[in-house]
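The file final_11.pdb contains PDB, C-alpha atoms:
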```pdb
ATOM      1  CA  MET A   1    -143.904 174.623 -61.317
ATOM      2  CA  ASN A   2    -143.415 171.686 -63.645
ATOM      3  CA  THR A   3    -140.555 169.572 -62.311
ATOM      4  CA  ASN A   4    -140.823 166.902 -64.995
ATOM      5  CA  HIS A   5    -138.086 168.373 -67.165
ATOM      6  CA  LEU A   6    -137.302 167.474 -70.765
ATOM      7  CA  THR A   7    -134.147 165.515 -71.470
ATOM      8  CA  ASP A   8    -131.155 167.176 -73.137
ATOM      9  CA  GLU A   9    -131.568 164.791 -76.081
ATOM     10  CA  ALA A  10    -135.176 165.884 -76.602
ATOM     11  CA  ILE A  11    -134.265 169.563 -76.369
ATOM     12  CA  GLN A  12    -131.440 169.084 -78.886
ATOM     13  CA  ASP A  13    -133.812 167.336 -81.298
ATOM     14  CA  TYR A  14    -136.328 170.143 -80.823
ATOM     15  CA  VAL A  15    -133.670 172.769 -81.622
ATOM     16  CA  LEU A  16    -132.550 170.746 -84.659
ATOM     17  CA  GLN A  17    -136.240 170.619 -85.671
ATOM     18  CA  LYS A  18    -136.310 166.859 -85.577
ATOM     19  CA  ILE A  19    -139.410 166.922 -83.361
ATOM     20  CA  SER A  20    -142.324 169.327 -83.362
ATOM     21  CA  ASP A  21    -144.727 168.432 -80.614
ATOM     22  CA  GLU A  22    -147.341 170.841 -79.254
ATOM     23  CA  GLN A  23    -147.022 169.490 -75.720
ATOM     24  CA  PHE A  24    -143.310 169.920 -76.023
ATOM     25  CA  SER A  25    -143.693 173.550 -77.097
ATOM     26  CA  LEU A  26    -146.124 174.138 -74.272
ATOM     27  CA  HIS A  27    -143.708 172.696 -71.732
ATOM     28  CA  ILE A  28    -140.895 174.897 -73.027
ATOM     29  CA  SER A  29    -143.061 177.982 -72.738
ATOM     30  CA  GLU A  30    -143.993 177.132 -69.132
ATOM     31  CA  CYS A  31    -140.725 175.733 -67.773
ATOM     32  CA  ALA A  32    -137.984 178.298 -67.220
ATOM     33  CA  ASP A  33    -135.244 175.643 -66.806
ATOM     34  CA  CYS A  34    -136.029 173.886 -70.060
ATOM     35  CA  LYS A  35    -136.446 177.200 -71.854
ATOM     36  CA  ALA A  36    -133.004 178.296 -70.663
ATOM     37  CA  LYS A  37    -131.520 175.010 -71.813
ATOM     38  CA  MET A  38    -133.214 175.340 -75.168
ATOM     39  CA  LYS A  39    -131.829 178.858 -75.613
ATOM     40  CA  ALA A  40    -128.356 177.647 -74.731
ATOM     41  CA  TYR A  41    -128.577 174.854 -77.298
ATOM     42  CA  GLN A  42    -129.994 177.266 -79.865
ATOM     43  CA  ALA A  43    -127.038 179.602 -79.357
ATOM     44  CA  LEU A  44    -124.681 176.655 -79.640
ATOM     45  CA  MET A  45    -126.215 175.353 -82.891
ATOM     46  CA  ASN A  46    -126.400 178.839 -84.425
ATOM     47  CA  THR A  47    -122.737 179.418 -83.695
ATOM     48  CA  MET A  48    -121.854 176.022 -85.153
ATOM     49  CA  ASP A  49    -123.456 177.127 -88.411
ATOM     50  CA  ASN A  50    -120.953 179.982 -88.557
ATOM     51  CA  ILE A  51    -117.852 177.856 -88.087
ATOM     52  CA  GLU A  52    -115.649 177.845 -91.164
ATOM     53  CA  PRO A  53    -114.575 174.364 -92.260
ATOM     54  CA  GLU A  54    -110.951 173.620 -91.492
ATOM     55  CA  THR A  55    -108.505 173.278 -94.346
ATOM     56  CA  PHE A  56    -104.944 172.043 -94.513
ATOM     57  CA  SER A  57    -102.179 174.619 -94.404
ATOM     58  CA  PHE A  58    -100.291 172.797 -97.169
ATOM     59  CA  ASP A  59    -100.985 171.936-100.810
ATOM     60  CA  VAL A  60    -102.616 168.516-100.482
ATOM     61  CA  THR A  61    -102.815 167.783-104.223
ATOM     62  CA  ALA A  62     -99.126 168.481-104.875
ATOM     63  CA  LEU A  63     -98.101 166.456-101.836
ATOM     64  CA  VAL A  64    -100.285 163.500-102.786
ATOM     65  CA  LEU A  65     -99.241 163.442-106.451
ATOM     66  CA  GLN A  66     -95.609 163.561-105.345
ATOM     67  CA  LYS A  67     -96.182 160.559-103.066
ATOM     68  CA  ILE A  68     -98.026 158.633-105.792
ATOM     69  CA  GLU A  69     -95.248 159.324-108.292
ATOM     70  CA  ALA A  70     -92.627 158.106-105.803
ATOM     71  CA  ALA A  71     -94.673 154.977-105.060
ATOM     72  CA  GLU A  72     -95.124 154.262-108.782
ATOM     73  CA  THR A  73     -91.385 154.685-109.439
ATOM     74  CA  LYS A  74     -90.599 152.374-106.539
ATOM     75  CA  ARG A  75     -93.100 149.825-107.837
ATOM     76  CA  LYS A  76     -91.583 149.965-111.334
ATOM     77  CA  THR A  77     -88.037 149.657-109.947
ATOM     78  CA  LEU A  78     -89.068 146.669-107.851
ATOM     79  CA  GLY A  79     -90.700 145.182-110.948
ATOM     80  CA  SER A  80     -87.483 145.664-112.939
ATOM     81  CA  TYR A  81     -85.450 143.980-110.207
ATOM     82  CA  ALA A  82     -87.905 141.097-110.076
ATOM     83  CA  LEU A  83     -87.748 140.697-113.874
ATOM     84  CA  ALA A  84     -83.934 140.846-113.858
ATOM     85  CA  THR A  85     -83.812 138.183-111.118
ATOM     86  CA  ILE A  86     -86.177 135.889-113.026
ATOM     87  CA  LEU A  87     -84.180 136.312-116.259
ATOM     88  CA  SER A  88     -80.874 135.664-114.449
ATOM     89  CA  VAL A  89     -82.239 132.455-112.925
ATOM     90  CA  PHE A  90     -83.551 131.420-116.349
ATOM     91  CA  ASN A  91     -80.197 132.157-118.046
ATOM     92  CA  LEU A  92     -78.314 130.235-115.383
ATOM     93  CA  GLY A  93     -80.674 127.296-115.926
ATOM     94  CA  VAL A  94     -80.104 127.422-119.676
ATOM     95  CA  ILE A  95     -76.304 127.516-119.219
ATOM     96  CA  LEU A  96     -76.358 124.591-116.789
ATOM     97  CA  PHE A  97     -78.622 122.617-119.094
ATOM     98  CA  SER A  98     -76.553 123.340-122.194
ATOM     99  CA  LEU A  99     -73.272 122.261-120.557
ATOM    100  CA  SER A 100     -74.040 118.671-121.473
ATOM    101  CA  VAL A 101     -75.030 119.664-125.023
ATOM    102  CA  ILE A 102     -72.071 121.991-125.603
ATOM    103  CA  GLU A 103     -69.436 119.343-124.799
ATOM    104  CA  PRO A 104     -69.614 117.629-128.269
ATOM    105  CA  VAL A 105     -69.294 121.075-129.955
ATOM    106  CA  ILE A 106     -66.124 121.772-127.972
ATOM    107  CA  GLN A 107     -64.839 118.345-128.982
ATOM    108  CA  VAL A 108     -65.293 119.286-132.681
ATOM    109  CA  PHE A 109     -63.215 122.445-132.216
ATOM    110  CA  ARG A 110     -60.515 120.550-130.351
ATOM    111  CA  SER A 111     -60.155 118.065-133.182
ATOM    112  CA  LEU A 112     -59.567 120.917-135.713
ATOM    113  CA  LYS A 113     -56.208 122.511-136.525
ATOM    114  CA  VAL A 114     -55.481 125.930-135.035
ATOM    115  CA  ILE A 115     -55.622 127.578-138.465
ATOM    116  CA  ASP A 116     -59.090 126.115-139.143
ATOM    117  CA  THR A 117     -60.379 127.282-135.762
ATOM    118  CA  ALA A 118     -58.941 130.758-136.360
ATOM    119  CA  PHE A 119     -60.585 130.842-139.798
ATOM    120  CA  ILE A 120     -64.012 129.969-138.313
ATOM    121  CA  PHE A 121     -63.568 132.496-135.501
ATOM    122  CA  VAL A 122     -62.558 135.363-137.852
ATOM    123  CA  SER A 123     -65.444 134.560-140.248
ATOM    124  CA  ALA A 124     -67.928 134.580-137.374
ATOM    125  CA  LEU A 125     -66.474 137.858-136.118
ATOM    126  CA  CYS A 126     -66.795 139.441-139.587
ATOM    127  CA  VAL A 127     -70.440 138.360-139.856
ATOM    128  CA  PHE A 128     -71.101 139.739-136.361
ATOM    129  CA  ILE A 129     -69.468 143.103-137.181
ATOM    130  CA  PHE A 130     -71.384 143.294-140.459
ATOM    131  CA  LEU A 131     -74.742 142.633-138.728
ATOM    132  CA  PHE A 132     -73.960 145.020-135.874
ATOM    133  CA  LYS A 133     -72.990 147.770-138.330
ATOM    134  CA  ASP A 134     -76.233 147.237-140.266
ATOM    135  CA  ILE A 135     -78.372 147.389-137.088
ATOM    136  CA  PHE A 136     -76.574 150.539-135.988
ATOM    137  CA  ARG A 137     -77.106 152.150-139.442
ATOM    138  CA  GLN A 138     -80.858 151.370-139.276
ATOM    139  CA  TYR A 139     -81.041 152.796-135.758
ATOM    140  CA  ARG A 140     -79.376 156.046-136.887
ATOM    141  CA  GLN A 141     -81.776 156.302-139.840
ATOM    142  CA  LYS A 142     -84.816 155.924-137.551
ATOM    143  CA  GLU A 143     -83.401 158.414-135.080
ATOM    144  CA  THR A 144     -82.866 161.005-137.848
ATOM    145  CA  LEU A 145     -86.385 160.373-139.135
ATOM    146  CA  LEU A 146     -87.910 160.852-135.667
ATOM    147  CA  LEU A 147     -85.945 164.024-134.914
ATOM    148  CA  GLN A 148     -86.797 165.756-138.198
TER     149      GLN A 148
ATOM    150  CA  MET B   1    -119.354 169.331-103.934
ATOM    151  CA  ASP B   2    -121.903 168.990-106.701
ATOM    152  CA  ASN B   3    -119.555 166.793-108.655
ATOM    153  CA  GLU B   4    -119.288 164.426-105.729
ATOM    154  CA  SER B   5    -123.007 163.822-105.581
ATOM    155  CA  ASN B   6    -123.087 163.028-109.270
ATOM    156  CA  PRO B   7    -122.419 159.287-109.599
ATOM    157  CA  PHE B   8    -121.529 159.653-113.259
ATOM    158  CA  SER B   9    -118.791 162.053-112.356
ATOM    159  CA  ASP B  10    -117.446 159.579-109.801
ATOM    160  CA  GLU B  11    -117.509 156.804-112.383
ATOM    161  CA  LEU B  12    -115.816 158.921-114.986
ATOM    162  CA  LEU B  13    -113.064 159.966-112.599
ATOM    163  CA  VAL B  14    -112.474 156.420-111.374
ATOM    164  CA  GLU B  15    -112.368 155.153-114.955
ATOM    165  CA  LYS B  16    -109.766 157.764-115.857
ATOM    166  CA  VAL B  17    -107.650 156.966-112.798
ATOM    167  CA  LEU B  18    -107.776 153.275-113.661
ATOM    168  CA  SER B  19    -106.520 154.059-117.144
ATOM    169  CA  GLY B  20    -103.489 155.747-115.565
ATOM    170  CA  ASN B  21    -104.609 159.377-115.580
ATOM    171  CA  THR B  22    -103.126 160.840-112.400
ATOM    172  CA  GLN B  23    -104.651 164.263-113.117
ATOM    173  CA  ALA B  24    -108.081 162.688-112.670
ATOM    174  CA  PHE B  25    -106.917 161.582-109.240
ATOM    175  CA  ALA B  26    -105.840 165.159-108.546
ATOM    176  CA  VAL B  27    -109.472 166.167-109.184
ATOM    177  CA  ILE B  28    -110.639 163.523-106.690
ATOM    178  CA  VAL B  29    -108.169 164.908-104.137
ATOM    179  CA  LYS B  30    -109.486 168.440-104.681
ATOM    180  CA  ASN B  31    -113.101 167.261-104.319
ATOM    181  CA  THR B  32    -112.511 165.332-101.107
ATOM    182  CA  GLU B  33    -109.792 167.428 -99.460
ATOM    183  CA  ARG B  34    -112.253 169.320 -97.237
ATOM    184  CA  LEU B  35    -113.864 166.175 -95.871
ATOM    185  CA  VAL B  36    -110.481 164.571 -95.185
ATOM    186  CA  ALA B  37    -109.389 167.782 -93.437
ATOM    187  CA  GLN B  38    -112.406 167.597 -91.098
ATOM    188  CA  ILE B  39    -111.422 164.076 -90.090
ATOM    189  CA  VAL B  40    -107.634 164.375 -89.911
ATOM    190  CA  ARG B  41    -107.278 167.897 -88.535
ATOM    191  CA  LYS B  42    -109.806 167.243 -85.774
ATOM    192  CA  MET B  43    -107.914 164.182 -84.564
ATOM    193  CA  ILE B  44    -104.269 165.080 -85.303
ATOM    194  CA  THR B  45    -102.806 168.447 -84.419
ATOM    195  CA  ASN B  46     -99.184 168.022 -85.523
ATOM    196  CA  GLU B  47     -98.754 169.309 -89.097
ATOM    197  CA  GLU B  48     -96.008 166.843 -90.076
ATOM    198  CA  ASP B  49     -98.182 163.945 -88.915
ATOM    199  CA  GLN B  50    -101.098 165.425 -90.859
ATOM    200  CA  LYS B  51     -98.948 165.494 -94.018
ATOM    201  CA  ASP B  52     -97.894 161.859 -93.567
ATOM    202  CA  LEU B  53    -101.452 160.779 -92.887
ATOM    203  CA  VAL B  54    -102.920 162.633 -95.858
ATOM    204  CA  GLN B  55    -100.302 161.112 -98.162
ATOM    205  CA  ASN B  56    -101.009 157.627 -96.824
ATOM    206  CA  ILE B  57    -104.773 158.094 -97.064
ATOM    207  CA  TYR B  58    -104.696 159.133-100.703
ATOM    208  CA  LEU B  59    -102.035 156.583-101.635
ATOM    209  CA  LYS B  60    -104.281 153.844-100.215
ATOM    210  CA  ALA B  61    -107.214 155.278-102.150
ATOM    211  CA  TYR B  62    -105.145 155.397-105.365
ATOM    212  CA  GLN B  63    -103.810 151.869-104.992
ATOM    213  CA  ASN B  64    -107.214 150.393-104.091
ATOM    214  CA  ILE B  65    -109.464 152.409-106.371
ATOM    215  CA  SER B  66    -110.134 149.323-108.491
ATOM    216  CA  SER B  67    -111.919 147.822-105.464
ATOM    217  CA  PHE B  68    -114.336 150.792-105.228
ATOM    218  CA  LYS B  69    -117.709 149.378-106.281
ATOM    219  CA  PHE B  70    -119.823 152.569-106.289
ATOM    220  CA  GLN B  71    -121.956 151.313-103.388
ATOM    221  CA  SER B  72    -121.436 154.698-101.757
ATOM    222  CA  LYS B  73    -120.217 158.088-102.902
ATOM    223  CA  LEU B  74    -116.511 158.229-103.727
ATOM    224  CA  SER B  75    -116.094 160.934-101.077
ATOM    225  CA  THR B  76    -117.658 158.649 -98.439
ATOM    226  CA  TRP B  77    -115.297 155.828 -99.451
ATOM    227  CA  ILE B  78    -112.279 158.139 -99.138
ATOM    228  CA  GLY B  79    -113.710 159.465 -95.865
ATOM    229  CA  THR B  80    -113.777 155.879 -94.562
ATOM    230  CA  ILE B  81    -110.131 155.372 -95.533
ATOM    231  CA  ALA B  82    -109.258 158.688 -93.864
ATOM    232  CA  TYR B  83    -111.133 157.757 -90.684
ATOM    233  CA  ASN B  84    -109.626 154.247 -90.409
ATOM    234  CA  THR B  85    -106.089 155.461 -91.148
ATOM    235  CA  THR B  86    -106.390 158.211 -88.561
ATOM    236  CA  ILE B  87    -107.869 155.871 -85.946
ATOM    237  CA  ASN B  88    -105.003 153.407 -86.519
ATOM    238  CA  TYR B  89    -102.549 156.263 -86.062
ATOM    239  CA  LEU B  90    -104.199 157.298 -82.765
ATOM    240  CA  GLU B  91    -104.199 153.699 -81.564
ATOM    241  CA  LYS B  92    -100.502 153.370 -82.366
ATOM    242  CA  LYS B  93     -99.837 156.559 -80.413
ATOM    243  CA  LYS B  94    -102.117 155.269 -77.624
ATOM    244  CA  ILE B  95    -104.288 158.396 -77.722
ATOM    245  CA  PRO B  96    -107.797 157.668 -76.331
ATOM    246  CA  LEU B  97    -110.617 158.287 -78.807
ATOM    247  CA  TYR B  98    -113.204 159.288 -76.234
ATOM    248  CA  ASP B  99    -112.009 159.963 -72.758
ATOM    249  CA  ILE B 100    -114.828 161.870 -71.114
ATOM    250  CA  ASP B 101    -112.852 162.410 -67.902
ATOM    251  CA  LEU B 102    -110.377 164.438 -69.899
ATOM    252  CA  MET B 103    -112.889 167.077 -70.648
ATOM    253  CA  HIS B 104    -115.771 167.169 -68.211
ATOM    254  CA  GLY B 105    -115.402 169.741 -65.500
ATOM    255  CA  ASN B 106    -112.509 170.936 -67.594
ATOM    256  CA  LYS B 107    -109.331 172.545 -66.549
ATOM    257  CA  PHE B 108    -110.275 176.109 -67.296
ATOM    258  CA  VAL B 109    -108.391 178.424 -64.990
ATOM    259  CA  HIS B 110    -109.449 182.036 -64.515
ATOM    260  CA  SER B 111    -106.531 184.452 -64.535
ATOM    261  CA  GLU B 112    -106.688 188.206 -64.123
ATOM    262  CA  ASN B 113    -106.677 188.711 -67.833
ATOM    263  CA  THR B 114    -109.080 185.920 -68.600
ATOM    264  CA  GLU B 115    -112.187 188.020 -68.347
ATOM    265  CA  LYS B 116    -110.820 190.665 -70.719
ATOM    266  CA  GLU B 117    -109.534 188.021 -73.066
ATOM    267  CA  ILE B 118    -112.901 186.277 -73.134
ATOM    268  CA  PHE B 119    -114.725 189.423 -74.070
ATOM    269  CA  ARG B 120    -112.373 190.034 -76.942
ATOM    270  CA  LYS B 121    -112.943 186.632 -78.414
ATOM    271  CA  GLU B 122    -115.585 185.988 -80.963
ATOM    272  CA  THR B 123    -118.191 183.412 -79.999
ATOM    273  CA  VAL B 124    -117.191 181.278 -82.954
ATOM    274  CA  GLN B 125    -113.647 181.162 -81.713
ATOM    275  CA  ILE B 126    -114.840 180.271 -78.236
ATOM    276  CA  LEU B 127    -116.872 177.419 -79.632
ATOM    277  CA  ASN B 128    -113.983 176.302 -81.825
ATOM    278  CA  ASN B 129    -111.730 176.239 -78.789
ATOM    279  CA  GLU B 130    -114.258 174.197 -76.853
ATOM    280  CA  ILE B 131    -114.712 171.791 -79.772
ATOM    281  CA  ASN B 132    -110.947 171.341 -79.897
ATOM    282  CA  LYS B 133    -110.974 170.325 -76.235
ATOM    283  CA  LEU B 134    -113.348 167.441 -76.996
ATOM    284  CA  PRO B 135    -111.998 163.890 -77.414
ATOM    285  CA  PRO B 136    -110.889 163.140 -81.022
ATOM    286  CA  LEU B 137    -113.938 161.081 -81.996
ATOM    287  CA  TYR B 138    -116.438 163.654 -80.678
ATOM    288  CA  LYS B 139    -114.596 166.455 -82.495
ATOM    289  CA  THR B 140    -114.778 164.534 -85.746
ATOM    290  CA  LEU B 141    -118.459 163.668 -85.356
ATOM    291  CA  ILE B 142    -119.367 167.284 -84.552
ATOM    292  CA  SER B 143    -117.409 168.470 -87.600
ATOM    293  CA  LEU B 144    -118.893 165.926 -89.956
ATOM    294  CA  TYR B 145    -122.463 166.560 -88.762
ATOM    295  CA  HIS B 146    -122.526 170.304 -88.193
ATOM    296  CA  ILE B 147    -119.808 171.639 -90.500
ATOM    297  CA  GLU B 148    -119.742 169.122 -93.367
ATOM    298  CA  GLU B 149    -123.514 168.659 -92.896
ATOM    299  CA  LEU B 150    -123.355 164.909 -93.473
ATOM    300  CA  SER B 151    -126.288 162.757 -92.399
ATOM    301  CA  ASN B 152    -126.024 160.188 -89.607
ATOM    302  CA  LYS B 153    -126.154 157.492 -92.301
ATOM    303  CA  GLU B 154    -123.182 158.966 -94.173
ATOM    304  CA  ILE B 155    -121.212 159.368 -90.948
ATOM    305  CA  SER B 156    -122.072 155.777 -90.099
ATOM    306  CA  GLU B 157    -120.671 154.640 -93.468
ATOM    307  CA  ILE B 158    -117.463 156.559 -92.881
ATOM    308  CA  THR B 159    -116.882 155.543 -89.274
ATOM    309  CA  ASN B 160    -118.473 152.095 -89.401
ATOM    310  CA  LEU B 161    -120.286 152.958 -86.161
ATOM    311  CA  PRO B 162    -124.040 152.256 -85.762
ATOM    312  CA  GLU B 163    -126.274 155.272 -86.390
ATOM    313  CA  GLY B 164    -127.628 154.991 -82.825
ATOM    314  CA  THR B 165    -124.115 155.243 -81.419
ATOM    315  CA  ILE B 166    -123.376 158.290 -83.557
ATOM    316  CA  LYS B 167    -126.575 159.990 -82.357
ATOM    317  CA  SER B 168    -125.713 159.192 -78.768
ATOM    318  CA  TYR B 169    -122.138 160.521 -79.126
ATOM    319  CA  LEU B 170    -123.448 163.683 -80.790
ATOM    320  CA  TYR B 171    -125.934 164.276 -77.926
ATOM    321  CA  ARG B 172    -123.143 163.841 -75.408
ATOM    322  CA  ALA B 173    -120.707 166.040 -77.320
ATOM    323  CA  ARG B 174    -123.256 168.866 -77.617
ATOM    324  CA  LYS B 175    -124.111 168.584 -73.924
ATOM    325  CA  ILE B 176    -120.436 168.755 -72.960
ATOM    326  CA  LEU B 177    -119.998 171.818 -75.195
ATOM    327  CA  LYS B 178    -123.049 173.540 -73.720
ATOM    328  CA  ASP B 179    -122.042 172.769 -70.115
ATOM    329  CA  ASN B 180    -118.437 173.850 -70.600
ATOM    330  CA  ILE B 181    -119.424 177.060 -72.332
ATOM    331  CA  GLU B 182    -121.981 177.835 -69.619
ATOM    332  CA  ASN B 183    -119.439 177.163 -66.894
ATOM    333  CA  ASN B 184    -116.579 179.048 -68.481
ATOM    334  CA  TYR B 185    -118.117 181.862 -70.440
ATOM    335  CA  LYS B 186    -121.504 182.394 -68.803
ATOM    336  CA  ASN B 187    -123.242 185.335 -70.483
ATOM    337  CA  GLN B 188    -120.802 185.574 -73.348
ATOM    338  CA  PHE B 189    -122.556 182.925 -75.322
ATOM    339  CA  VAL B 190    -126.177 184.010 -75.632
TER     340      VAL B 190
END
```

Can I see the file as structure tokens?
Amino acid sequence: MNTNHLTDEAIQDYVLQKISDEQFSLHISECADCKAKMKAYQALMNTMDNIEPETFSFDVTALVLQKIEAAETKRKTLGSYALATILSVFNLGVILFSLSVIEPVIQVFRSLKVIDTAFIFVSALCVFIFLFKDIFRQYRQKETLLLQ
Amino acid sequence: MDNESNPFSDELLVEKVLSGNTQAFAVIVKNTERLVAQIVRKMITNEEDQKDLVQNIYLKAYQNISSFKFQSKLSTWIGTIAYNTTINYLEKKKIPLYDIDLMHGNKFVHSENTEKEIFRKETVQILNNEINKLPPLYKTLISLYHIEELSNKEISEITNLPEGTIKSYLYRARKILKDNIENNYKNQFV
């Protein structure tokens, strides 16, 4: 009896048809141990071919798209906060810088009579209301146009 | 699966995703879902953890898709992300990837009903049970090679393990399966 048995690796390769050696085939046909091993591996590989691939028990696409949407919203929100912070810092800088410039303007108003100051203030307010009303009218026109 | 092997299709999908089309990403998810399932489900059994992992895997893929350079198939790239994310999860949970002692000479106990139960089971189910007793890495390699029918090279790209190591692990995994089935089920499996 041949006691020089084949290794498991070699038998697996033979079953997977990675090697086709005549001596190998001859040994298998003569050696009962190796033949038994080969049959066992053959049964194993054949059964593996019949295994159904596993799938998830939940809807992966819906779950993933939900997560992506949440991540995108979070990213946009963080972006908005970052932009708001930058603008606030910028505005604060502008205010601090203009404090020195605004002082002479305040001096001009202080030197005027109350009636003159009130006149300027009311005029400015009228212009502001007029402009605001015009912008609002244009906005309503565009809105009506878009909703038609 | 055909779409995955078509590089043009990969390029087209990636291009669409980069232009903000999330539906194109949904197609990528559909195309790669089976491969990701083979990796995640073989290593993680808890369904809630699977959900978290799958979400993280695809979110990483979505956020880093601009870095995909078409040097491999898109499915292989996503497979790599799935593998690395799952391995990191196992490491955090301190679950050993390949603990041979856990499974050799395994803890199969014969009860009175065992024999009857065995005969009722299909051989596929028996094998599935035995595969599930393997260490996480072996389970994944067996699934990728025998069920997903990936080559050693593709598995190597996904796992970042040398092809020689993959071959060696596959030999060992098959031997463990054969020995355990022979010991536990004897004539059932011929």

Explicit residues for the PyMOL selection byres ((chain B) within 10 of (chain A)) (as a ChimeraX atom specification): /B:22-23,25-30,33-42,47,50-52,54-60,62-63,123-128,131,142-144,146-149,167-168,170-172,174-175,177-179,181-182,189-190

Computed interatomic separation between CA of Phe109 in chain A and CA of Ser123 in chain A (Å): 14.7 Å

CA of Tyr138 in chain B to CA of Ala173 in chain B, straight-line distance in Å: 5.9 Å

Test item: residues at most 12 Å from Trp77 in chain B, only C-alpha atoms, excluding those fewer than 3 positions along its chain, as number ranges by chain: B: 4, 10, 28, 32, 35-36, 57-58, 60-62, 64-65, 67-74, 80-84, 154-160

For CA of Glu163 in chain B and CA of Asn4 in chain A, the interatomic separation in Å (one decimal): 28.4 Å
